file my_file.txt (compact mmCIF, C-alpha atoms)
# COMPACT_ATOMS: atom_id res chain seq x y z
CA MET A 1 123.82 111.67 281.55
CA SER A 2 125.89 108.84 283.02
CA ASP A 3 129.13 107.97 281.23
CA LYS A 4 128.48 104.34 282.13
CA LEU A 5 125.16 104.39 280.30
CA GLU A 6 126.65 106.03 277.23
CA ALA A 7 129.51 103.51 277.19
CA TYR A 8 126.99 100.66 277.51
CA LEU A 9 124.85 102.00 274.66
CA GLU A 10 127.97 102.54 272.56
CA GLU A 11 128.91 98.91 273.04
CA ILE A 12 125.45 97.71 272.00
CA SER A 13 125.61 100.09 269.04
CA HIS A 14 128.90 98.49 267.99
CA TYR A 15 127.28 95.04 267.78
CA LEU A 16 124.26 96.44 265.91
CA ALA A 17 126.39 98.14 263.26
CA GLY A 18 124.62 98.30 259.92
CA ARG A 19 121.09 98.02 261.32
CA ALA A 20 118.88 100.87 260.11
CA GLU A 21 116.86 100.94 263.35
CA ARG A 22 119.93 101.08 265.60
CA GLU A 23 119.25 104.59 266.96
CA GLU A 24 115.64 103.70 267.72
CA ILE A 25 116.73 100.58 269.63
CA LEU A 26 119.31 102.53 271.64
CA SER A 27 116.81 105.28 272.49
CA GLU A 28 114.37 102.73 273.87
CA ILE A 29 117.05 100.97 275.94
CA ARG A 30 118.22 104.36 277.25
CA SER A 31 114.64 105.25 278.20
CA HIS A 32 114.16 101.93 280.01
CA ILE A 33 117.39 102.18 282.01
CA MET A 34 116.72 105.79 283.04
CA GLU A 35 113.20 104.84 284.07
CA LYS A 36 114.41 101.91 286.14
CA ALA A 37 117.26 103.85 287.76
CA ALA A 38 114.91 106.69 288.75
CA GLU A 39 112.47 104.33 290.39
CA GLY A 40 114.76 102.87 293.06
CA PRO A 41 115.08 104.21 296.59
CA GLY A 42 117.17 107.31 297.13
CA GLU A 43 118.53 109.68 294.53
CA PHE A 44 119.03 109.13 290.82
CA THR A 45 122.69 108.06 291.01
CA ASP A 46 125.37 106.42 288.87
CA ALA A 47 125.11 103.38 291.12
CA ALA A 48 121.39 103.11 290.33
CA ILE A 49 122.17 103.31 286.60
CA GLU A 50 124.82 100.61 286.99
CA ARG A 51 122.29 98.35 288.70
CA ALA A 52 119.79 98.96 285.90
CA ILE A 53 122.43 98.19 283.28
CA ALA A 54 123.43 94.98 285.08
CA SER A 55 119.78 93.94 285.17
CA PHE A 56 119.37 94.59 281.43
CA GLY A 57 122.25 92.25 280.61
CA PRO A 58 125.64 92.20 278.83
CA ALA A 59 125.79 94.40 275.70
CA ARG A 60 126.58 91.57 273.28
CA LYS A 61 123.73 89.42 274.60
CA VAL A 62 121.31 92.34 274.30
CA ALA A 63 122.39 93.05 270.72
CA GLU A 64 122.12 89.38 269.76
CA ARG A 65 118.49 89.32 270.88
CA TYR A 66 117.79 91.89 268.17
CA LEU A 67 119.83 90.01 265.59
CA ASP A 68 118.66 86.44 266.19
CA GLU A 69 115.80 86.55 263.69
CA SER A 70 118.19 86.82 260.76
CA ARG A 71 118.99 83.80 258.59
CA PRO A 72 121.97 81.73 259.81
CA ILE A 73 125.24 81.96 257.87
CA ILE A 74 125.03 78.27 257.06
CA ALA A 75 121.72 76.43 257.57
CA PRO A 76 121.87 73.55 260.10
CA ALA A 77 121.01 71.05 257.34
CA TYR A 78 124.15 72.07 255.41
CA LYS A 79 126.59 72.33 258.32
CA ARG A 80 127.80 68.75 258.00
CA TYR A 81 128.67 69.44 254.35
CA LEU A 82 131.20 72.03 255.47
CA VAL A 83 133.35 69.28 256.96
CA ARG A 84 132.51 66.74 254.25
CA TYR A 85 133.28 68.89 251.22
CA THR A 86 136.31 70.54 252.82
CA SER A 87 137.76 67.10 253.58
CA LEU A 88 137.20 65.99 250.02
CA LEU A 89 138.60 69.14 248.47
CA PHE A 90 141.61 69.17 250.78
CA ALA A 91 142.36 65.49 250.07
CA LEU A 92 142.45 66.35 246.36
CA HIS A 93 144.50 69.46 247.08
CA ALA A 94 147.01 67.49 249.19
CA ALA A 95 147.34 64.72 246.59
CA LEU A 96 147.91 67.26 243.79
CA THR A 97 150.45 69.10 245.95
CA VAL A 98 152.45 65.87 246.35
CA LEU A 99 152.21 65.43 242.60
CA ALA A 100 153.39 69.01 242.00
CA VAL A 101 156.40 68.36 244.25
CA VAL A 102 157.26 65.15 242.43
CA LEU A 103 156.75 66.49 238.93
CA LYS A 104 158.36 69.83 239.83
CA LYS A 105 155.57 71.63 237.95
CA GLU A 106 152.68 73.91 238.82
CA LEU A 107 149.23 72.36 238.52
CA ILE A 108 146.01 74.17 237.71
CA VAL A 109 142.50 72.77 237.93
CA PHE A 110 140.62 75.86 236.81
CA PRO A 111 138.81 77.46 238.62
CA LEU A 112 139.11 75.29 241.74
CA LEU A 113 142.76 74.72 242.44
CA TYR A 114 146.11 76.25 241.73
CA ILE A 115 149.19 74.51 243.08
CA PRO A 116 152.43 76.38 242.51
CA ARG A 117 155.73 74.68 241.81
CA VAL A 118 156.99 74.02 245.34
CA SER A 119 159.72 72.17 247.21
CA VAL A 120 158.94 69.67 249.98
CA ILE A 121 159.37 72.32 252.67
CA GLY A 122 157.37 74.77 250.53
CA ALA A 123 154.57 72.17 250.25
CA LEU A 124 154.45 71.81 254.02
CA MET A 125 154.08 75.58 254.30
CA TYR A 126 151.53 75.63 251.48
CA LEU A 127 149.17 72.90 252.75
CA PRO A 128 147.81 74.71 255.86
CA ALA A 129 147.03 77.75 253.69
CA ALA A 130 145.41 75.43 251.14
CA PHE A 131 143.24 73.92 253.88
CA LEU A 132 142.01 77.37 254.92
CA THR A 133 141.30 78.25 251.27
CA ASP A 134 139.29 75.04 250.81
CA LEU A 135 137.37 75.67 254.03
CA GLY A 136 136.61 79.24 252.95
CA ALA A 137 135.53 78.22 249.44
CA VAL A 138 133.15 75.53 250.74
CA ALA A 139 131.78 77.88 253.43
CA LEU A 140 131.13 80.51 250.77
CA VAL A 141 129.18 78.11 248.55
CA LEU A 142 127.12 76.88 251.54
CA TYR A 143 126.52 80.49 252.57
CA PHE A 144 125.07 81.35 249.16
CA ILE A 145 122.92 78.21 249.17
CA THR A 146 121.60 79.11 252.65
CA GLN A 147 120.88 82.71 251.69
CA SER A 148 119.05 81.62 248.53
CA GLY A 149 116.49 79.98 250.83
CA LYS A 150 116.00 77.13 248.36
CA ASP A 151 115.78 73.48 249.40
CA ILE A 152 118.81 72.04 247.69
CA GLN A 153 119.79 68.43 248.28
CA LEU A 154 123.55 68.40 248.21
CA PRO A 155 125.19 65.29 246.79
CA TRP A 156 127.50 63.12 248.85
CA PRO A 157 128.98 59.96 247.33
CA LYS A 158 128.88 56.72 249.27
CA PHE A 159 132.47 55.77 249.92
CA GLY A 160 131.63 52.98 252.28
CA VAL A 161 133.52 54.79 255.00
CA ASP A 162 131.57 57.97 255.61
CA LEU A 163 133.37 60.33 257.95
CA ASP A 164 130.14 60.56 259.94
CA GLU A 165 130.18 56.85 260.52
CA ILE A 166 133.63 56.62 262.05
CA LYS A 167 133.08 54.63 265.16
CA PRO A 168 134.62 55.71 268.44
CA ARG A 169 137.66 53.79 269.54
CA PRO A 170 136.89 50.51 271.29
CA LYS A 171 136.68 50.84 275.02
CA ARG A 172 138.54 47.62 275.72
CA PHE A 173 141.17 49.62 277.46
CA TRP A 174 143.75 47.00 278.41
CA LEU A 175 143.50 45.05 275.17
CA SER A 176 144.29 48.13 273.09
CA ARG A 177 147.06 49.12 275.51
CA ILE A 178 148.67 45.69 275.24
CA ALA A 179 148.48 45.80 271.43
CA THR A 180 150.10 49.26 271.48
CA ALA A 181 152.81 48.06 273.87
CA VAL A 182 153.60 45.01 271.69
CA GLY A 183 153.70 47.27 268.62
CA ALA A 184 156.03 49.69 270.40
CA VAL A 185 158.41 46.89 271.44
CA VAL A 186 158.49 45.41 267.92
CA MET A 187 159.07 48.83 266.33
CA LEU A 188 161.75 49.63 268.93
CA ALA A 189 163.56 46.39 268.04
CA ILE A 190 163.31 47.15 264.30
CA THR A 191 164.56 50.73 264.81
CA ASP A 192 167.48 49.52 266.96
CA PHE A 193 168.42 46.86 264.43
CA ALA A 194 168.27 49.42 261.60
CA LEU A 195 170.47 51.78 263.63
CA TYR A 196 172.93 48.97 264.28
CA LEU A 197 173.09 48.13 260.56
CA PHE A 198 173.51 51.77 259.66
CA ALA A 199 176.29 52.32 262.22
CA ARG A 200 178.13 49.32 260.83
CA HIS A 201 177.53 49.56 257.09
CA GLN A 202 176.26 53.12 256.46
CA THR A 203 173.14 51.63 254.89
CA ILE A 204 170.24 49.36 255.83
CA PHE A 205 169.43 48.12 252.33
CA PHE A 206 171.16 44.94 251.15
CA VAL A 207 170.67 42.43 248.36
CA ASN A 208 171.96 39.45 250.38
CA MET A 209 171.64 38.23 253.95
CA ASP A 210 175.31 37.28 254.37
CA TRP A 211 176.52 39.59 257.14
CA THR A 212 180.20 38.60 256.59
CA ASP A 213 180.05 39.95 253.02
CA PRO A 214 177.07 42.32 252.76
CA ARG A 215 176.28 43.78 249.34
CA PRO A 216 174.45 47.13 249.51
CA LEU A 217 171.47 47.69 247.24
CA PHE A 218 172.05 51.41 246.75
CA SER A 219 175.06 53.53 245.92
CA PRO A 220 176.85 54.83 249.08
CA GLY A 221 175.43 58.39 249.01
CA ALA A 222 171.83 57.42 248.13
CA GLY A 223 171.97 54.44 250.53
CA ARG A 224 173.00 56.71 253.41
CA ARG A 225 170.29 59.29 252.73
CA LEU A 226 167.50 56.76 252.19
CA SER A 227 168.57 54.74 255.23
CA LEU A 228 168.44 57.82 257.45
CA ILE A 229 164.97 58.72 256.17
CA VAL A 230 163.63 55.20 256.70
CA ILE A 231 165.20 55.03 260.19
CA ALA A 232 163.50 58.36 260.96
CA MET A 233 160.18 56.82 259.84
CA PHE A 234 160.73 53.81 262.11
CA ALA A 235 161.66 56.13 264.99
CA THR A 236 158.56 58.27 264.43
CA THR A 237 156.29 55.23 264.53
CA THR A 238 158.08 53.89 267.64
CA LEU A 239 157.84 57.22 269.41
CA SER A 240 154.15 57.68 268.58
CA LEU A 241 153.36 54.18 269.87
CA LEU A 242 155.27 54.87 273.09
CA VAL A 243 153.45 58.20 273.57
CA LYS A 244 150.14 56.44 272.88
CA LEU A 245 150.77 54.29 275.92
CA LEU A 246 150.47 57.50 277.96
CA THR A 247 147.76 59.34 276.04
CA ARG A 248 145.06 58.48 273.50
CA SER A 249 145.09 62.00 272.09
CA ARG A 250 144.59 62.17 268.34
CA TRP A 251 147.19 64.91 268.21
CA VAL A 252 149.80 62.15 268.50
CA ASP A 253 148.48 60.60 265.27
CA ILE A 254 148.38 63.99 263.59
CA VAL A 255 152.01 64.81 264.46
CA SER A 256 153.10 61.30 263.45
CA ASN A 257 151.26 61.59 260.11
CA VAL A 258 152.70 65.02 259.34
CA VAL A 259 156.27 63.84 260.06
CA SER A 260 155.70 60.70 257.94
CA LEU A 261 154.40 62.82 255.03
CA ALA A 262 157.44 65.09 255.29
CA LEU A 263 159.76 62.06 255.26
CA ILE A 264 157.99 60.57 252.22
CA GLY A 265 158.38 63.96 250.58
CA LEU A 266 162.13 63.76 251.28
CA VAL A 267 162.31 60.29 249.72
CA LEU A 268 160.51 61.57 246.64
CA THR A 269 163.06 64.34 246.17
CA GLN A 270 165.98 61.87 245.98
CA PRO A 271 167.31 61.58 242.40
CA PHE A 272 166.63 58.22 240.72
CA ASP A 273 169.83 58.35 238.67
CA ASN A 274 172.80 56.80 240.47
CA LEU A 275 170.39 55.37 243.04
CA PHE A 276 171.50 51.75 242.80
CA ALA A 277 174.94 50.32 243.51
CA PRO A 278 176.88 49.94 240.20
CA GLU A 279 176.77 46.14 240.08
CA ILE A 280 173.00 46.09 240.77
CA ALA A 281 172.30 48.91 238.35
CA GLY A 282 174.11 47.04 235.58
CA LYS A 283 171.88 44.01 236.06
CA ILE A 284 168.41 45.45 236.60
CA LEU A 285 168.27 48.92 235.10
CA PRO A 286 168.57 48.01 231.40
CA LYS A 287 165.53 45.72 231.72
CA LEU A 288 163.43 47.24 234.48
CA GLY A 289 164.64 50.85 234.73
CA PRO A 290 161.50 52.91 233.82
CA TRP A 291 159.11 50.33 235.25
CA LEU A 292 160.97 50.27 238.57
CA LYS A 293 161.13 54.06 238.77
CA TYR A 294 157.37 54.52 238.34
CA THR A 295 156.53 51.57 240.60
CA ILE A 296 158.55 53.16 243.43
CA LEU A 297 157.09 56.59 242.68
CA TYR A 298 153.43 55.50 242.63
CA SER A 299 153.83 53.22 245.64
CA LEU A 300 155.17 56.14 247.67
CA LEU A 301 152.38 58.40 246.40
CA PHE A 302 149.82 55.77 247.39
CA VAL A 303 151.30 55.56 250.89
CA ALA A 304 151.30 59.38 251.11
CA LEU A 305 147.63 59.42 250.06
CA MET A 306 146.68 56.86 252.72
CA ILE A 307 148.54 58.86 255.38
CA SER A 308 146.81 62.07 254.15
CA ILE A 309 143.38 60.45 254.46
CA ASP A 310 144.22 59.27 257.99
CA LEU A 311 145.51 62.74 258.84
CA ILE A 312 142.32 64.42 257.57
CA LYS A 313 140.20 61.93 259.52
CA HIS A 314 141.95 62.84 262.77
CA ILE A 315 141.74 66.58 262.04
CA VAL A 316 138.00 66.30 261.27
CA ILE A 317 137.30 64.37 264.49
CA ILE A 318 139.26 66.85 266.61
CA SER A 319 137.57 69.83 264.90
CA ARG A 320 134.14 68.34 265.54
CA ARG A 321 134.92 67.85 269.22
CA LYS A 322 136.13 71.45 269.47
CA LEU A 323 133.00 72.73 267.70
CA ARG A 324 130.78 70.62 269.95
CA SER A 325 132.51 71.95 273.08
CA ILE A 326 132.08 75.56 271.85
CA ARG A 327 128.32 75.11 271.32
CA MET B 1 114.19 79.67 289.62
CA ASN B 2 114.74 77.56 292.72
CA PRO B 3 117.61 75.02 293.00
CA LYS B 4 115.25 72.08 292.51
CA GLU B 5 113.96 73.50 289.22
CA GLU B 6 117.52 74.17 288.16
CA GLN B 7 118.51 70.59 288.94
CA LEU B 8 115.61 69.28 286.86
CA GLY B 9 116.79 71.36 283.88
CA ILE B 10 113.57 73.36 283.79
CA GLY B 11 115.38 76.63 283.03
CA SER B 12 116.05 76.20 279.31
CA LEU B 13 112.69 74.49 278.70
CA GLU B 14 110.90 77.26 280.58
CA THR B 15 112.58 79.80 278.29
CA GLU B 16 111.26 77.90 275.26
CA MET B 17 107.75 77.65 276.73
CA ASN B 18 107.78 81.36 277.59
CA ARG B 19 108.61 82.31 274.02
CA GLY B 20 105.10 81.61 272.78
CA PHE B 21 103.39 82.60 276.01
CA LEU B 22 105.07 86.02 276.00
CA HIS B 23 103.54 86.78 272.59
CA ILE B 24 100.03 86.17 273.93
CA LEU B 25 100.78 88.06 277.13
CA VAL B 26 102.12 91.16 275.36
CA LEU B 27 99.28 91.20 272.82
CA SER B 28 96.79 90.93 275.69
CA LEU B 29 98.42 93.66 277.77
CA LEU B 30 98.56 96.09 274.87
CA GLU B 31 94.80 96.47 274.69
CA LYS B 32 95.77 99.51 276.74
CA ASP B 33 98.68 101.77 275.60
CA MET B 34 101.82 100.86 277.55
CA TYR B 35 105.57 101.45 277.36
CA GLY B 36 108.23 98.78 277.88
CA TYR B 37 109.09 99.47 281.50
CA SER B 38 105.44 99.73 282.55
CA MET B 39 104.82 96.32 280.94
CA VAL B 40 107.73 94.78 282.86
CA LYS B 41 106.39 96.19 286.14
CA HIS B 42 102.85 95.06 285.40
CA MET B 43 103.93 91.51 284.58
CA GLU B 44 106.03 91.42 287.75
CA SER B 45 103.04 92.54 289.81
CA LEU B 46 101.16 89.53 288.38
CA GLY B 47 103.99 87.19 289.39
CA TYR B 48 105.55 86.78 285.94
CA LYS B 49 109.22 87.72 285.59
CA VAL B 50 110.24 88.69 282.09
CA GLU B 51 113.83 89.33 281.00
CA GLU B 52 114.00 92.95 279.92
CA ASN B 53 116.35 92.20 277.04
CA THR B 54 113.83 89.66 275.72
CA LEU B 55 110.81 91.94 275.84
CA TYR B 56 112.15 94.83 273.75
CA PRO B 57 113.32 92.74 270.75
CA LEU B 58 109.95 90.95 270.87
CA LEU B 59 108.11 94.29 270.76
CA ARG B 60 110.23 95.26 267.76
CA ARG B 61 109.38 92.04 265.92
CA LEU B 62 105.65 92.41 266.67
CA GLU B 63 105.75 95.98 265.40
CA LYS B 64 107.65 94.99 262.26
CA ASN B 65 104.88 92.51 261.46
CA GLY B 66 102.17 95.11 261.98
CA TRP B 67 100.67 93.41 265.05
CA ILE B 68 101.38 96.38 267.31
CA ALA B 69 102.08 100.07 266.65
CA SER B 70 104.23 102.52 268.57
CA LYS B 71 104.65 106.23 269.14
CA TRP B 72 107.09 108.25 271.23
CA ASP B 73 105.65 110.43 273.98
CA LEU B 74 107.91 113.42 274.56
CA THR B 75 105.58 115.39 276.83
CA GLU B 76 106.95 113.94 280.10
CA ASP B 77 110.42 114.69 281.51
CA ARG B 78 111.61 111.38 280.07
CA PRO B 79 110.76 110.20 276.54
CA ARG B 80 108.71 106.98 276.49
CA LYS B 81 107.79 104.73 273.61
CA PHE B 82 104.16 103.63 273.90
CA TYR B 83 102.82 100.54 272.19
CA ALA B 84 99.24 99.56 271.26
CA ILE B 85 97.74 96.52 269.59
CA THR B 86 96.48 96.81 266.00
CA ALA B 87 93.49 95.10 264.35
CA GLN B 88 95.89 92.53 262.84
CA GLY B 89 97.36 91.99 266.30
CA ARG B 90 93.91 91.29 267.75
CA ALA B 91 93.27 88.66 265.08
CA LEU B 92 96.63 87.07 265.82
CA ARG B 93 95.94 87.12 269.57
CA ALA B 94 92.60 85.37 269.05
CA GLY B 95 94.32 82.67 267.01
CA LEU B 96 97.11 82.21 269.55
CA LEU B 97 94.62 82.05 272.43
CA ASP B 98 92.74 79.30 270.58
CA VAL B 99 95.98 77.33 270.23
CA TRP B 100 96.85 77.87 273.88
CA LYS B 101 93.36 76.91 275.10
CA ASN B 102 93.46 73.77 272.99
CA GLN B 103 96.86 72.83 274.44
CA ASN B 104 95.49 73.35 277.95
CA ARG B 105 92.46 71.23 277.17
CA VAL B 106 94.63 68.39 275.84
CA LEU B 107 96.82 68.52 278.94
CA ASP B 108 93.74 68.53 281.20
CA GLU B 109 92.36 65.48 279.41
CA ILE B 110 95.65 63.61 279.77
CA THR B 111 95.89 64.55 283.45
CA LYS B 112 92.41 63.17 284.03
CA GLU B 113 93.20 59.95 282.10
CA THR B 114 96.57 59.43 283.80
CA PRO B 115 96.52 60.19 287.52
CA HIS B 116 100.36 60.07 287.79
CA VAL B 117 100.87 63.07 285.46
call {"tool": "encode", "arguments": {"input": "my_file.txt", "output": "structure tokens"}}
result
Amino acid sequence: MSDKLEAYLEEISHYLAGRAEREEILSEIRSHIMEKAAEGPGEFTDAAIERAIASFGPARKVAERYLDESRPIIAPAYKRYLVRYTSLLFALHAALTVLAVVLKKELIVFPLLYIPRVSVIGALMYLPAAFLTDLGAVALVLYFITQSGKDIQLPWPKFGVDLDEIKPRPKRFWLSRIATAVGAVVMLAITDFALYLFARHQTIFFVNMDWTDPRPLFSPGAGRRLSLIVIAMFATTTLSLLVKLLTRSRWVDIVSNVVSLALIGLVLTQPFDNLFAPEIAGKILPKLGPWLKYTILYSLLFVALMISIDLIKHIVIISRRKLRSIR
Amino acid sequence: MNPKEEQLGIGSLETEMNRGFLHILVLSLLEKDMYGYSMVKHMESLGYKVEENTLYPLLRRLEKNGWIASKWDLTEDRPRKFYAITAQGRALRAGLLDVWKNQNRVLDEITKETPHV
């Protein structure tokens, strides 16, 4: 018996693992190939068997023909919910992770989510794993629904902006390029000015506009740290706009969003105590202290949420394109 | 398939059309006991090329549904699995032939009504 034939049957057998009738299928394929190889001109040779195998088709394709009658893992009607529900769950997961970082506590939404107490860097490491968990959990639910064979209408709230209804970018090529170029120039000017202020005064936050006698808003240490973070945000936006002049790839937006989220995370880790310069603190903190603290906190969280939603939107669109190209 | 057919995108549609036709063809052929390879050769002799890796899974599905039955013949120098149509298979074939004839009739009517088709 040809080694080639046995290797071929072994490969088909591998893809048919778990099927009760596997041996029967392999016997019939073996019989067919031997029959075909014996029929050709000349002797019954390995070359004739190879030709018969080539004519029968690649092992995986052959095995799939026997498997294609089985129920799909996720029914076509539910496939769109994989992206929809994962996006929703991950948005909640991401928002709660930011909250866990800020509150320095672990958060549990039993039995759906568990967010450990993490640092900013830890959160950045945690989020990709969280995304995969969300994707797996949603896929599992849709798998069980599909296998149940029941007609279940899955709910989907109307947000106004359904991810399915995101319109493609306008094709007015030059108009969008000009807008990007103007944005890049403006952001470049702002970044340069911020750098100039920082080089001169070690901060970019002031309470007056008198450049001969500037009065910083924050204490020297906090002012320096916050200034550097904000300058990094300006620089990120400038750089992404400049890169967008060369490419419209959504990966640029994704990288820009991730860096922005990390920078917001850094801002959130700065201690509120001793934040303001002593003379400012004496005036405003007794009256507005707690109110100001939570206003800053929730404003930053709101910005982080908006960036997260934008980030998810880009990831979903890219994933869909990849899935479409695989099909 | 010739290059013109390929350019027109007939290939994938032909595969879909063949799916139903192959059921009728196999059920018709199996009025006489046949094994897989002999069926392939017979169809080829009639000018119909069937993919070998399509035929065998189809035979398995037909058998699973009770429309055909099989038995191994070990008397020759090579074992062969022979198939034959069952009473249920004959009833199915009659039904499928009715569908196919009706489709042909509809197409004929349309061709007569519309000379460009």
call {"tool": "closest_atom_pairs", "arguments": {"input": "my_file.txt", "of": "chain A", "to": "chain B", "cutoff": "9 Å", "atoms": "only C-alpha atoms", "output": "CSV"}}
result
residue,atom,partner,partner_atom,distance
A:Ile25,CA,B:Tyr56,CA,8.4
A:Ser27,CA,B:Pro79,CA,8.8
A:Glu28,CA,B:Lys81,CA,6.9
A:Ile29,CA,B:Tyr56,CA,8.2
A:Ser31,CA,B:Arg80,CA,6.4
A:His32,CA,B:Tyr37,CA,5.8
A:Ile33,CA,B:Tyr37,CA,8.7
A:Met34,CA,B:Arg78,CA,8.1
A:Glu35,CA,B:Tyr37,CA,7.2
A:Lys36,CA,B:Tyr37,CA,7.5
A:Ser55,CA,B:Glu52,CA,7.9
A:Phe56,CA,B:Glu52,CA,5.8
A:Gly57,CA,B:Asn53,CA,6.9
A:Lys61,CA,B:Asn53,CA,8.3
A:Val62,CA,B:Asn53,CA,5.7
A:Ala63,CA,B:Asn53,CA,8.8
A:Arg65,CA,B:Pro57,CA,6.2
A:Tyr66,CA,B:Pro57,CA,5.2
A:Leu67,CA,B:Pro57,CA,8.7
A:Glu69,CA,B:Arg61,CA,8.7
call {"tool": "residues_around", "arguments": {"input": "my_file.txt", "residues": "segment 187-197 of chain A", "least_positions_apart": "5", "cutoff": "7 Å", "atoms": "all atoms listed in the file", "output": "JSON, numbers by chain"}}
result
{"A": [203, 204, 231, 234, 235, 238]}
call {"tool": "write_last_selection", "arguments": {"input": "my_file.txt", "atoms": "C-alpha atoms", "output": "tab-separated table (two decimals), keeping the file's coordinate frame"}}
result
chain	number	residue	atom	x	y	z
A	203	THR	CA	173.14	51.63	254.89
A	204	ILE	CA	170.24	49.36	255.83
A	231	ILE	CA	165.20	55.03	260.19
A	234	PHE	CA	160.73	53.81	262.11
A	235	ALA	CA	161.66	56.13	264.99
A	238	THR	CA	158.08	53.89	267.64
call {"tool": "residues_around", "arguments": {"input": "my_file.txt", "residues": "segment 9-26 of chain B", "least_positions_apart": "2", "cutoff": "12 Å", "atoms": "all atoms listed in the file", "output": "JSON, numbers by chain"}}
result
{"B": [1, 2, 3, 4, 5, 6, 7, 28, 29, 30, 31, 32, 33, 34, 35, 36, 38, 39, 40, 42, 43, 46, 48, 49, 50, 51, 52, 54, 55, 56, 57, 58, 59, 60, 61, 62, 63, 67, 68, 83, 84, 85, 89, 90, 91, 92, 93, 94, 95, 96, 97, 98, 99, 100, 101, 103]}
call {"tool": "write_last_selection", "arguments": {"input": "my_file.txt", "atoms": "C-alpha atoms", "output": "PDB file, in the frame of the given file"}}
result
ATOM      1  CA  MET B   1     114.190  79.670 289.620  1.00  0.00           C
ATOM      2  CA  ASN B   2     114.740  77.560 292.720  1.00  0.00           C
ATOM      3  CA  PRO B   3     117.610  75.020 293.000  1.00  0.00           C
ATOM      4  CA  LYS B   4     115.250  72.080 292.510  1.00  0.00           C
ATOM      5  CA  GLU B   5     113.960  73.500 289.220  1.00  0.00           C
ATOM      6  CA  GLU B   6     117.520  74.170 288.160  1.00  0.00           C
ATOM      7  CA  GLN B   7     118.510  70.590 288.940  1.00  0.00           C
ATOM      8  CA  SER B  28      96.790  90.930 275.690  1.00  0.00           C
ATOM      9  CA  LEU B  29      98.420  93.660 277.770  1.00  0.00           C
ATOM     10  CA  LEU B  30      98.560  96.090 274.870  1.00  0.00           C
ATOM     11  CA  GLU B  31      94.800  96.470 274.690  1.00  0.00           C
ATOM     12  CA  LYS B  32      95.770  99.510 276.740  1.00  0.00           C
ATOM     13  CA  ASP B  33      98.680 101.770 275.600  1.00  0.00           C
ATOM     14  CA  MET B  34     101.820 100.860 277.550  1.00  0.00           C
ATOM     15  CA  TYR B  35     105.570 101.450 277.360  1.00  0.00           C
ATOM     16  CA  GLY B  36     108.230  98.780 277.880  1.00  0.00           C
ATOM     17  CA  SER B  38     105.440  99.730 282.550  1.00  0.00           C
ATOM     18  CA  MET B  39     104.820  96.320 280.940  1.00  0.00           C
ATOM     19  CA  VAL B  40     107.730  94.780 282.860  1.00  0.00           C
ATOM     20  CA  HIS B  42     102.850  95.060 285.400  1.00  0.00           C
ATOM     21  CA  MET B  43     103.930  91.510 284.580  1.00  0.00           C
ATOM     22  CA  LEU B  46     101.160  89.530 288.380  1.00  0.00           C
ATOM     23  CA  TYR B  48     105.550  86.780 285.940  1.00  0.00           C
ATOM     24  CA  LYS B  49     109.220  87.720 285.590  1.00  0.00           C
ATOM     25  CA  VAL B  50     110.240  88.690 282.090  1.00  0.00           C
ATOM     26  CA  GLU B  51     113.830  89.330 281.000  1.00  0.00           C
ATOM     27  CA  GLU B  52     114.000  92.950 279.920  1.00  0.00           C
ATOM     28  CA  THR B  54     113.830  89.660 275.720  1.00  0.00           C
ATOM     29  CA  LEU B  55     110.810  91.940 275.840  1.00  0.00           C
ATOM     30  CA  TYR B  56     112.150  94.830 273.750  1.00  0.00           C
ATOM     31  CA  PRO B  57     113.320  92.740 270.750  1.00  0.00           C
ATOM     32  CA  LEU B  58     109.950  90.950 270.870  1.00  0.00           C
ATOM     33  CA  LEU B  59     108.110  94.290 270.760  1.00  0.00           C
ATOM     34  CA  ARG B  60     110.230  95.260 267.760  1.00  0.00           C
ATOM     35  CA  ARG B  61     109.380  92.040 265.920  1.00  0.00           C
ATOM     36  CA  LEU B  62     105.650  92.410 266.670  1.00  0.00           C
ATOM     37  CA  GLU B  63     105.750  95.980 265.400  1.00  0.00           C
ATOM     38  CA  TRP B  67     100.670  93.410 265.050  1.00  0.00           C
ATOM     39  CA  ILE B  68     101.380  96.380 267.310  1.00  0.00           C
ATOM     40  CA  TYR B  83     102.820 100.540 272.190  1.00  0.00           C
ATOM     41  CA  ALA B  84      99.240  99.560 271.260  1.00  0.00           C
ATOM     42  CA  ILE B  85      97.740  96.520 269.590  1.00  0.00           C
ATOM     43  CA  GLY B  89      97.360  91.990 266.300  1.00  0.00           C
ATOM     44  CA  ARG B  90      93.910  91.290 267.750  1.00  0.00           C
ATOM     45  CA  ALA B  91      93.270  88.660 265.080  1.00  0.00           C
ATOM     46  CA  LEU B  92      96.630  87.070 265.820  1.00  0.00           C
ATOM     47  CA  ARG B  93      95.940  87.120 269.570  1.00  0.00           C
ATOM     48  CA  ALA B  94      92.600  85.370 269.050  1.00  0.00           C
ATOM     49  CA  GLY B  95      94.320  82.670 267.010  1.00  0.00           C
ATOM     50  CA  LEU B  96      97.110  82.210 269.550  1.00  0.00           C
ATOM     51  CA  LEU B  97      94.620  82.050 272.430  1.00  0.00           C
ATOM     52  CA  ASP B  98      92.740  79.300 270.580  1.00  0.00           C
ATOM     53  CA  VAL B  99      95.980  77.330 270.230  1.00  0.00           C
ATOM     54  CA  TRP B 100      96.850  77.870 273.880  1.00  0.00           C
ATOM     55  CA  LYS B 101      93.360  76.910 275.100  1.00  0.00           C
ATOM     56  CA  GLN B 103      96.860  72.830 274.440  1.00  0.00           C
TER      57      GLN B 103
END
call {"tool": "residues_around", "arguments": {"input": "my_file.txt", "residues": "Pro220 of chain A", "least_positions_apart": "3", "cutoff": "12 Å", "atoms": "all atoms listed in the file", "output": "list in words"}}
result
Phe198, His201, Gln202, Thr203, Ile204, Phe205, Phe206, Arg215, Pro216, Leu217, Gly223, Arg224, Arg225, Leu226, Ser227, Asn274, Leu275, Phe276, Ala277 and Pro278 of chain A
